[in-house]
Every structure is written in structure tokens, then in C-alpha cells.
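Undergrad: Provided herewith is a single structure, encoded as C-alpha cells, for subsequent inquiry.
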Amino acid sequence: MAKDETIWFLITYDRRKLRMADMERFHDGEKAVDLYGERERQYADQPHMEVVLLGADSEDAIRVTHPTYFRDFKAEPFSMEEFECHLPWLNPERTTTG
């Protein structure tokens with residue numbers, strides 16, 4: 001993937017609602033990084049809000065590498081085992097090694 005073909009995806013994810021709050025696309029990496037910093041400051045006092053900047057050649061690529069941001073948890077909720085894998089500190093006795 002050539003540098004000028006990179007699409008930057010700025011995702012704001014609400015951990016309380018288990019859904020994406022917003023996603024913006026950029027072809028200008030500097031603009032994406034600047035806005036990422038703004039969003040981090042905007043949500044600094046809201047730890048349930050996650051701000052992520054991902055670069056890829058398509059949205060399909062990040063849907064494969066970061067599916068949690070795109071999952072419809074109302075239609076397809078977590079099982080308890082899957083939930084614990086995403087939040088291992090809830091059950092310190094559980095290990096994720098196989």
C-alpha cells in the first residue's frame with residue numbers, strides 16, 4: 001500500500017453502549033492526526049470513550065482487523081466467555097494463553 005493510498009479512519013467508540021459513536025475518513029494523514037489529538041482532549045474526562053486512529057487501504061481492511069468497532073451487539077451480543085476475553089481484568093484467574 002503506497003503512502004498516498006492510505007485512508008485514515010478516526011473512530012470514536014463508546015464502551016458503555018458497546019458501539020461506535022463516530023467514524024471519520026481522511027486521505028490527509030496530518031489532518032487525521034490533528035483531529036485525533038482534538039478528540040483525545042475532548043474525551044479525556046470520559047474514560048468510557050475510546051478514540052482510535054487506524055490507517056488502511058480500505059474500510060473492509062479495518063473491518064477485518066478491528067471487527068469489534070463494527071459489531072452490532074444488539075443483534076449479536078457477547079457470550080460471557082468472549083466478554084471475559086475482552087476484559088481480562090474482570091477475572092484475574094482466567095488466562096488467555098492456550
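Numbering starts fresh at 1 for the residues of each chain in the C-alpha cells, the chains themselves are lettered A, B, ... in the order given, and ligands are numbered from 1 as they appear.
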List as a list in words the protein and nucleic acid residues near Glu5 of chain A, meaning an atom at most 12 Å away when only C-alpha atoms are counted, but skip any in the same chain fewer than 3 places from it.
TA: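 That gives Met1, Ala2, Trp8, Phe26, His27, Asp28, Gly29, Gly55, Ala56, Asp57 and Ser58 of chain A.
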Undergrad: Leaving out Ile62 of chain A and any residue of its chain fewer than 3 positions from it, which residues lie within 12 Å of it when counting only C-alpha atoms, given as a PyMOL selection string?
TA: chain A and resi 6-11+23+25+52-59+65-70
Undergrad: Excluding Thr12 of chain A and any residue of its chain fewer than 2 positions from it, enumerate the residues within 10 Å of it, using only C-alpha atoms, and give them as number ranges by chain.
TA: A: 9-10, 14-15, 19-24, 36, 39-40, 43, 49-53, 69
